[in-house]
file my_file_38.cif (mmCIF, C-alpha atoms)
data_structure
loop_
_atom_site.label_atom_id
_atom_site.label_comp_id
_atom_site.auth_asym_id
_atom_site.auth_seq_id
_atom_site.Cartn_x
_atom_site.Cartn_y
_atom_site.Cartn_z
CA MET A 667 145.75 117.65 125.16
CA GLU A 668 143.77 114.46 124.61
CA LEU A 669 141.95 114.11 121.30
CA HIS A 670 138.46 112.64 121.63
CA ILE A 671 137.46 110.33 118.79
CA PRO A 672 133.73 109.53 118.67
CA ASP A 673 132.96 105.85 118.94
CA LEU A 674 130.75 103.93 116.51
CA GLU A 675 127.64 104.30 118.68
CA SER A 676 128.01 108.10 118.61
CA TYR A 677 128.16 108.08 114.82
CA HIS A 678 125.00 105.96 114.71
CA TYR A 679 123.26 108.36 117.10
CA PHE A 680 124.08 111.48 115.05
CA PHE A 681 123.20 109.69 111.82
CA ILE A 682 119.75 108.74 113.13
CA ILE A 683 119.11 112.31 114.33
CA ALA A 684 120.15 113.71 110.94
CA VAL A 685 117.87 111.29 109.08
CA LEU A 686 114.90 112.20 111.31
CA LEU A 687 115.45 115.93 110.78
CA LEU A 688 115.73 115.52 107.01
CA SER A 689 112.58 113.36 106.97
CA ILE A 690 110.60 115.98 108.89
CA LEU A 691 111.76 118.74 106.56
CA TYR A 692 110.92 116.63 103.50
CA VAL A 693 107.39 115.83 104.70
CA TYR A 694 106.80 119.48 105.60
CA ASP A 695 107.90 120.56 102.12
CA ILE A 696 105.74 117.97 100.38
CA VAL A 697 102.64 118.86 102.41
CA ASN A 698 103.01 122.58 101.71
CA ASP A 699 103.89 122.04 98.06
CA LYS A 700 100.71 120.00 97.46
CA LYS A 701 98.26 122.48 98.95
CA CYS A 702 97.43 124.14 95.63
CA CYS A 703 96.82 120.87 93.80
CA GLN A 704 95.23 118.58 96.37
CA PRO A 705 91.62 117.54 95.88
CA THR A 706 89.09 118.79 98.36
CA ARG A 707 88.23 116.65 101.38
CA ASN A 708 85.18 115.01 99.86
CA GLU A 709 87.17 114.14 96.73
CA GLU A 710 89.89 112.58 98.88
CA PHE A 711 87.26 110.48 100.65
CA THR A 712 85.94 109.26 97.30
CA PHE A 713 89.44 108.48 96.03
CA SER A 714 90.01 106.13 98.96
CA THR A 715 86.82 104.13 98.43
CA TYR A 716 87.27 102.77 94.90
CA ASP A 717 89.81 101.52 92.40
CA TYR A 718 89.93 99.72 89.04
CA SER A 719 90.74 96.23 90.28
CA GLU A 720 88.61 93.13 89.82
CA ASN A 721 87.58 93.23 93.49
CA ASN A 722 86.70 96.91 93.81
CA GLY A 723 86.48 98.11 90.23
CA PRO A 724 83.73 99.59 88.02
CA SER A 725 81.46 96.53 88.19
CA PHE A 726 81.21 97.01 91.99
CA TRP A 727 80.82 100.79 92.14
CA SER A 728 77.04 100.68 92.03
CA LYS A 729 77.04 98.70 95.28
CA ILE A 730 78.67 101.65 97.06
CA PHE A 731 77.62 104.69 95.01
CA ILE A 732 73.90 104.94 94.26
CA ALA A 733 74.38 107.32 91.33
CA ALA A 734 76.37 104.66 89.46
CA GLU A 735 73.07 102.83 88.86
CA GLY A 736 71.64 105.82 86.97
CA LYS A 737 70.47 105.88 83.35
CA GLN A 738 72.76 108.71 82.18
CA GLN A 739 76.19 107.35 82.94
CA SER A 740 79.54 108.02 81.25
CA PRO A 741 81.50 107.10 79.23
CA ILE A 742 79.54 105.94 76.17
CA ASN A 743 80.10 104.68 72.65
CA LEU A 744 79.63 107.66 70.30
CA LEU A 745 78.08 106.57 67.02
CA GLU A 746 78.10 109.03 64.13
CA LYS A 747 75.10 107.34 62.50
CA SER A 748 72.95 107.85 65.62
CA VAL A 749 73.60 111.50 66.44
CA LYS A 750 71.52 114.60 65.88
CA VAL A 751 73.59 116.94 63.70
CA ILE A 752 73.69 120.64 64.58
CA SER A 753 74.86 122.63 61.58
CA PHE A 754 77.64 125.16 62.05
CA GLU A 755 75.49 127.93 60.54
CA SER A 756 72.67 127.41 63.05
CA THR A 757 74.65 127.93 66.26
CA VAL A 758 77.40 129.97 67.85
CA PRO A 759 80.84 128.35 67.53
CA LEU A 760 82.77 127.28 70.61
CA LEU A 761 85.02 130.08 71.83
CA PHE A 762 88.13 129.35 73.90
CA SER A 763 89.41 132.38 75.81
CA LYS A 764 92.83 133.96 75.17
CA GLU A 765 94.18 132.41 78.39
CA PHE A 766 94.48 129.09 76.53
CA ASN A 767 97.36 130.68 74.58
CA ILE A 768 99.00 132.39 77.58
CA ILE A 769 101.73 130.62 79.52
CA PRO A 770 100.54 130.06 83.12
CA SER A 771 102.48 131.60 85.97
CA GLU A 772 102.59 128.17 87.62
CA MET A 773 101.78 124.62 86.58
CA LYS A 774 101.72 121.52 88.79
CA VAL A 775 101.18 117.85 88.11
CA TYR A 776 99.68 115.59 90.75
CA ASN A 777 99.29 111.82 91.25
CA ASN A 778 95.95 111.49 93.02
CA SER A 779 96.37 107.68 93.28
CA HIS A 780 94.14 107.11 90.21
CA ASN A 781 95.22 109.65 87.62
CA ILE A 782 97.86 112.12 86.62
CA VAL A 783 96.15 115.50 87.07
CA LEU A 784 97.41 118.89 85.87
CA TYR A 785 96.63 122.25 87.52
CA GLY A 786 97.58 125.74 86.43
CA THR A 787 97.60 129.29 87.80
CA TRP A 788 97.31 132.31 85.54
CA ALA A 789 98.15 135.96 86.15
CA ASN A 790 95.48 138.08 87.87
CA ASN A 791 93.75 134.80 88.81
CA ARG A 792 92.17 134.63 85.35
CA ARG A 793 91.40 131.08 84.31
CA PRO A 794 90.96 129.84 80.74
CA SER A 795 87.27 129.63 79.87
CA ILE A 796 84.93 128.29 77.18
CA VAL A 797 81.57 129.56 75.90
CA GLY A 798 79.41 129.05 72.81
CA GLY A 799 78.01 125.98 71.12
CA PRO A 800 75.84 124.18 73.69
CA LEU A 801 77.14 126.45 76.48
CA THR A 802 74.91 129.36 77.46
CA THR A 803 77.45 130.74 79.95
CA ASP A 804 81.21 130.73 80.49
CA TYR A 805 82.87 127.66 82.03
CA CYS A 806 86.26 128.11 83.73
CA PHE A 807 89.12 125.61 83.66
CA VAL A 808 89.80 123.59 86.82
CA ASN A 809 92.17 120.78 85.86
CA LEU A 810 92.83 118.07 83.33
CA ARG A 811 93.48 114.40 83.90
CA PHE A 812 94.81 111.54 81.81
CA ARG A 813 93.39 108.06 81.39
CA TRP A 814 95.22 105.04 80.04
CA GLY A 815 94.90 101.27 79.80
CA PRO A 816 96.93 98.05 79.90
CA ASN A 817 98.12 98.43 76.30
CA ASP A 818 98.33 101.02 73.50
CA TYR A 819 94.81 100.35 72.23
CA GLU A 820 92.56 100.28 75.31
CA GLY A 821 93.29 103.53 77.14
CA SER A 822 90.35 105.78 76.28
CA GLU A 823 87.08 105.73 78.19
CA HIS A 824 84.88 106.88 75.32
CA MET A 825 84.54 104.80 72.19
CA ILE A 826 83.93 106.35 68.78
CA ASN A 827 82.12 104.11 66.32
CA PHE A 828 83.05 101.09 68.50
CA SER A 829 86.76 101.99 68.48
CA ARG A 830 88.87 102.73 71.54
CA PHE A 831 92.06 104.75 71.61
CA SER A 832 95.38 104.66 73.46
CA MET A 833 94.60 107.43 75.97
CA GLU A 834 92.06 110.09 76.87
CA LEU A 835 92.57 113.59 78.25
CA GLN A 836 89.61 115.00 80.21
CA ALA A 837 89.59 118.70 81.07
CA ALA A 838 87.16 119.82 83.78
CA PHE A 839 85.42 123.21 83.67
CA ILE A 840 82.99 124.77 86.15
CA LYS A 841 80.41 127.49 85.46
CA SER A 842 82.11 130.85 85.94
CA ASN A 843 79.62 132.06 88.56
CA THR A 844 80.22 128.94 90.69
CA VAL A 845 84.02 128.59 90.44
CA GLN A 846 84.36 128.22 94.21
CA GLU A 847 82.74 124.79 93.97
CA ASP A 848 84.87 121.67 93.78
CA ILE A 849 84.33 119.17 90.96
CA LEU A 850 82.06 116.85 92.94
CA THR A 851 79.83 119.70 94.11
CA ALA A 852 79.73 121.21 90.61
CA ALA A 853 78.64 117.85 89.18
CA LYS A 854 75.90 117.56 91.80
CA ASN A 855 74.64 121.06 90.95
CA HIS A 856 74.84 120.46 87.17
CA ASN A 857 77.60 123.07 86.84
CA LEU A 858 80.33 120.79 85.45
CA LEU A 859 81.60 120.51 81.87
CA ILE A 860 84.23 118.00 80.73
CA VAL A 861 86.01 118.48 77.41
CA SER A 862 87.60 115.26 76.24
CA TYR A 863 90.29 114.39 73.70
CA VAL A 864 91.42 110.93 72.58
CA PHE A 865 94.99 109.94 71.66
CA MET A 866 96.22 107.56 68.99
CA VAL A 867 99.62 105.88 69.14
CA THR A 868 102.12 106.84 66.42
CA SER A 869 105.83 106.30 65.94
CA THR A 870 106.62 109.91 66.92
CA ASP A 871 106.63 111.47 70.39
CA ASN A 872 104.19 114.27 71.13
CA PRO A 873 106.62 117.06 72.14
CA TYR A 874 103.93 119.02 73.99
CA LEU A 875 103.47 116.17 76.47
CA GLU A 876 107.17 115.96 77.33
CA PRO A 877 107.01 118.21 80.46
CA ILE A 878 104.37 115.87 81.88
CA ILE A 879 106.13 112.70 80.73
CA ASN A 880 109.37 113.87 82.33
CA ALA A 881 107.54 114.66 85.58
CA ILE A 882 106.17 111.13 85.89
CA GLU A 883 109.57 109.92 87.11
CA TYR A 884 108.91 111.94 90.29
CA LEU A 885 105.19 111.15 90.54
CA LYS A 886 105.21 107.38 90.72
CA LEU A 887 104.05 107.32 94.34
CA PRO A 888 100.42 108.20 95.16
CA MET A 889 99.66 111.73 96.40
CA SER A 890 102.94 113.11 95.03
CA CYS A 891 103.02 116.54 93.38
CA LEU A 892 105.56 118.40 91.25
CA CYS A 893 105.95 121.83 89.68
CA ILE A 894 106.76 121.67 85.96
CA GLU A 895 107.80 124.20 83.36
CA PRO A 896 104.51 125.89 82.39
CA VAL A 897 103.19 125.41 78.86
CA THR A 898 100.21 126.99 77.15
CA LEU A 899 97.10 124.91 77.65
CA SER A 900 96.28 125.03 73.93
CA LEU A 901 99.35 122.86 73.21
CA LEU A 902 97.95 120.10 75.41
CA MET A 903 94.32 120.49 74.40
CA PRO A 904 93.96 122.26 71.02
CA VAL A 905 91.15 124.78 70.72
CA PHE A 906 88.35 124.16 68.23
CA GLU A 907 85.07 125.70 67.08
CA ARG A 908 83.20 122.77 65.54
CA ASP A 909 83.22 119.03 64.79
CA TYR A 910 82.54 117.58 68.24
CA PHE A 911 80.08 115.36 70.08
CA CYS A 912 78.02 116.64 73.00
CA TYR A 913 75.83 114.76 75.45
CA VAL A 914 74.66 114.77 79.08
CA GLY A 915 76.28 112.09 81.20
CA SER A 916 78.01 111.65 84.53
CA LEU A 917 81.34 111.65 86.27
CA SER A 918 83.14 108.58 84.91
CA PHE A 919 84.55 107.90 88.38
CA PRO A 920 82.77 107.57 91.74
CA PRO A 921 80.42 108.85 92.93
CA CYS A 922 79.38 108.83 89.22
CA THR A 923 77.12 111.86 89.70
CA GLU A 924 74.85 112.57 86.72
CA GLY A 925 74.12 115.92 85.10
CA VAL A 926 77.63 116.42 83.69
CA LEU A 927 77.88 117.96 80.22
CA TRP A 928 80.43 116.25 77.97
CA ILE A 929 82.09 117.58 74.82
CA VAL A 930 84.21 114.99 73.02
CA LYS A 931 86.54 115.87 70.16
CA PRO A 932 86.73 112.80 67.88
CA GLU A 933 89.88 113.61 65.87
CA PRO A 934 92.69 111.93 67.81
CA LEU A 935 95.80 113.65 69.09
CA MET A 936 99.16 111.94 68.69
CA ILE A 937 101.23 110.12 71.31
CA SER A 938 104.02 107.55 71.01
CA SER A 939 103.94 104.06 72.49
CA GLN A 940 106.95 104.94 74.65
CA GLN A 941 105.13 107.96 76.10
CA VAL A 942 102.03 105.93 76.95
CA LYS A 943 104.26 103.36 78.62
CA GLN A 944 105.49 106.00 81.08
CA PHE A 945 101.96 106.55 82.42
CA ARG A 946 101.68 102.86 83.26
CA LYS A 947 104.61 103.29 85.66
CA VAL A 948 102.48 105.49 87.94
CA CYS A 949 101.44 103.81 91.19
CA GLY A 950 98.26 103.99 93.22
CA TYR A 951 97.67 102.54 96.67
CA ASN A 952 97.53 99.02 95.22
CA GLY A 953 100.59 99.17 93.00
CA ARG A 954 101.04 100.23 89.40
CA ILE A 955 98.02 101.72 87.67
CA LYS A 956 97.67 99.55 84.59
CA THR A 957 94.29 101.02 83.76
CA ASN A 958 92.05 103.80 85.07
CA THR A 959 89.20 103.64 82.59
CA ARG A 960 85.55 102.82 83.13
CA PRO A 961 83.83 100.65 80.48
CA VAL A 962 81.25 102.30 78.24
CA GLN A 963 77.75 102.58 79.69
CA PRO A 964 74.33 102.14 78.03
CA ILE A 965 73.07 105.24 76.22
CA ASN A 966 69.48 104.49 77.32
CA GLY A 967 67.87 106.60 74.62
CA ARG A 968 69.87 109.74 75.35
CA GLU A 969 70.22 112.33 72.62
CA VAL A 970 73.78 112.73 71.40
CA LEU A 971 74.51 115.88 69.40
CA TYR A 972 77.19 116.42 66.81
CA TYR A 973 78.13 120.05 66.13
CA ASP A 974 79.16 120.01 62.46
#
call {"tool": "encode", "arguments": {"input": "my_file_38.cif", "output": "C-alpha cells"}}
result
Amino acid sequence: MELHIPDLESYHYFFIIAVLLLSILYVYDIVNDKKCCQPTRNEEFTFSTYDYSENNGPSFWSKIFIAAEGKQQSPINLLEKSVKVISFESTVPLLFSKEFNIIPSEMKVYNNSHNIVLYGTWANNRRPSIVGGPLTTDYCFVNLRFRWGPNDYEGSEHMINFSRFSMELQAAFIKSNTVQEDILTAAKNHNLLIVSYVFMVTSTDNPYLEPIINAIEYLKLPMSCLCIEPVTLSLLMPVFERDYFCYVGSLSFPPCTEGVLWIVKPEPLMISSQQVKQFRKVCGYNGRIKTNTRPVQPINGREVLYYD
C-alpha cells in the first residue's frame, strides 16, 4: 500500500483555506458582539467626519457643522466667582436611583474611534436614573465616555477656575419618556443630560477603573468592543446630592448640537499617571488618540448655577 505524503503546495492550500475560515468566523463574532454597543447610524456618520487633528480638529468643525458656531457651546471654564448659587435648602437634592449600586447583568466597553465608551445592561431592563436639583423629570443612563489629553494635566474638557485636569468622564442620560432616542436626537430635542467628573493624577491607581484599563489592551483598534466584568456604576461615577455646577450648553463633539444640560462635579476623582497613559494607547482611524478634548468655548453671558 503506497503512502501519500502531501506536497508543500497542498500544505499551503489547506493553510490558506483554514486562515480564511477563521477570519470569517472572527469577523462574524465581532460584528454580532458589537451590536449592543455600536452607535446609531447617524452617530457613525458623524464619527467619520471629524477628528482632533490640526487639519480636521475643533477649529474646523464650524465649517462643517453649523451648530458649532452657536453661542451656547461646550465645554466652558467654570468660575466659582461668577456663578449664581442655589442653596441646598431651597431646592430638591439630586437623587441617583438604586440601580447605580446594583451590579449590571452585562457591561461592555467600546472604542468608537474617538473615545472609550462604556455601556451597561441591568436586570428587567431598568436603567440607572437621576432626578432632582435642576431636573424636573427622570433621566436614564445611556453610556459614559472618557476624555484625555497629550499629558497628565490637559485631559479634561471643562476647566474649573482656569485649571484643567488629567481626564474627564462624561455620562450621558436621556429623559425617561424618550429613552428610545439616540444621543444625537436627544440633544436636538433638548432631552439630553451629561453628568461630568474630572480626574486628578495621583501616585496611586484607581482600583475601580482597573476593569476598563485592563480592557484597553484589546480595544486599541477603532470600532473594537469587549465584554468586561460588570461593576456598579457608582464606583465609576460616585453619586452626590449637592456641590455641583449646572449650565445649558452643547454636545462637545460634532455636530455640537445646543440645548444639552450639563452637570459638572468639581471635586476631582483620582487616577494614576500610569492609568492615564493606557488611554493614550487607544487608536482611532488616524493612529493613536493623543487627545480627544475640545477647547473651552465662550460663555457668552450664559447663567451658570452652583448647587451648594
call {"tool": "residues_around", "arguments": {"input": "my_file_38.cif", "residues": "Gln846 of chain A", "least_positions_apart": "4", "cutoff": "12 Å", "atoms": "all atoms listed in the file", "output": "list of chain:residue names"}}
result
A:Thr706, A:Cys806, A:Phe807, A:Val808, A:Phe839, A:Ile840, A:Lys841, A:Ser842, A:Leu850, A:Thr851, A:Ala852, A:Asn857
call {"tool": "resolve_selection", "arguments": {"input": "my_file_38.cif", "expression": "the PyMOL selection byres ((chain A and resi 971-974) around 8)", "output": "list of chain:residue names"}}
result
A:Glu746, A:Val749, A:Lys750, A:Val751, A:Ile752, A:Ser753, A:Phe754, A:Gly799, A:Arg908, A:Asp909, A:Tyr910, A:Phe911, A:Cys912, A:Tyr913, A:Glu969, A:Val970
call {"tool": "closest_residue", "arguments": {"input": "my_file_38.cif", "among": "A:Pro904, A:Gly786, A:Pro934, A:Gly723", "to": "Leu761 of chain A", "atoms": "only C-alpha atoms"}}
result
A:Pro904
call {"tool": "atom_distance", "arguments": {"input": "my_file_38.cif", "atom1": "atom CA of Met833 of chain A", "atom2": "atom CA of Ile860 of chain A"}}
result
15.6 Å
call {"tool": "atom_distance", "arguments": {"input": "my_file_38.cif", "atom1": "atom CA of Leu892 of chain A", "atom2": "atom CA of Ser771 of chain A"}}
result
14.5 Å
call {"tool": "resolve_selection", "arguments": {"input": "my_file_38.cif", "expression": "the PyMOL selection byres ((chain A and resi 902) around 10)", "output": "PyMOL selection string"}}
result
chain A and resi 766+810+835+863+872-875+897-901+903-905+935
call {"tool": "resolve_selection", "arguments": {"input": "my_file_38.cif", "expression": "the PyMOL selection byres ((chain A and resi 739) around 9)", "output": "ChimeraX atom specification"}}
result
/A:733-738,740-742,914-918,922-924,962-965
call {"tool": "closest_residue", "arguments": {"input": "my_file_38.cif", "among": "A:Ser832, A:Pro816, A:Asn843, A:Lys774", "to": "Ile894 of chain A", "atoms": "all atoms listed in the file"}}
result
A:Lys774
call {"tool": "atom_distance", "arguments": {"input": "my_file_38.cif", "atom1": "atom CA of Leu859 of chain A", "atom2": "atom CA of Tyr805 of chain A"}}
result
7.3 Å
call {"tool": "closest_residue", "arguments": {"input": "my_file_38.cif", "among": "A:Asn809, A:Ser728, A:Asn817, A:Asn827", "to": "Tyr785 of chain A", "atoms": "only C-alpha atoms"}}
result
A:Asn809
call {"tool": "closest_residue", "arguments": {"input": "my_file_38.cif", "among": "A:Gly950, A:Pro920, A:Pro794, A:Pro800", "to": "Lys729 of chain A", "atoms": "all atoms listed in the file"}}
result
A:Pro920
call {"tool": "closest_residue", "arguments": {"input": "my_file_38.cif", "among": "A:Ser795, A:Asn855, A:Ser869, A:Asn880", "to": "Ala837 of chain A", "atoms": "all atoms listed in the file"}}
result
A:Ser795
call {"tool": "closest_residue", "arguments": {"input": "my_file_38.cif", "among": "A:Pro724, A:Pro877, A:Gly798, A:Pro896", "to": "Glu772 of chain A", "atoms": "only C-alpha atoms"}}
result
A:Pro896
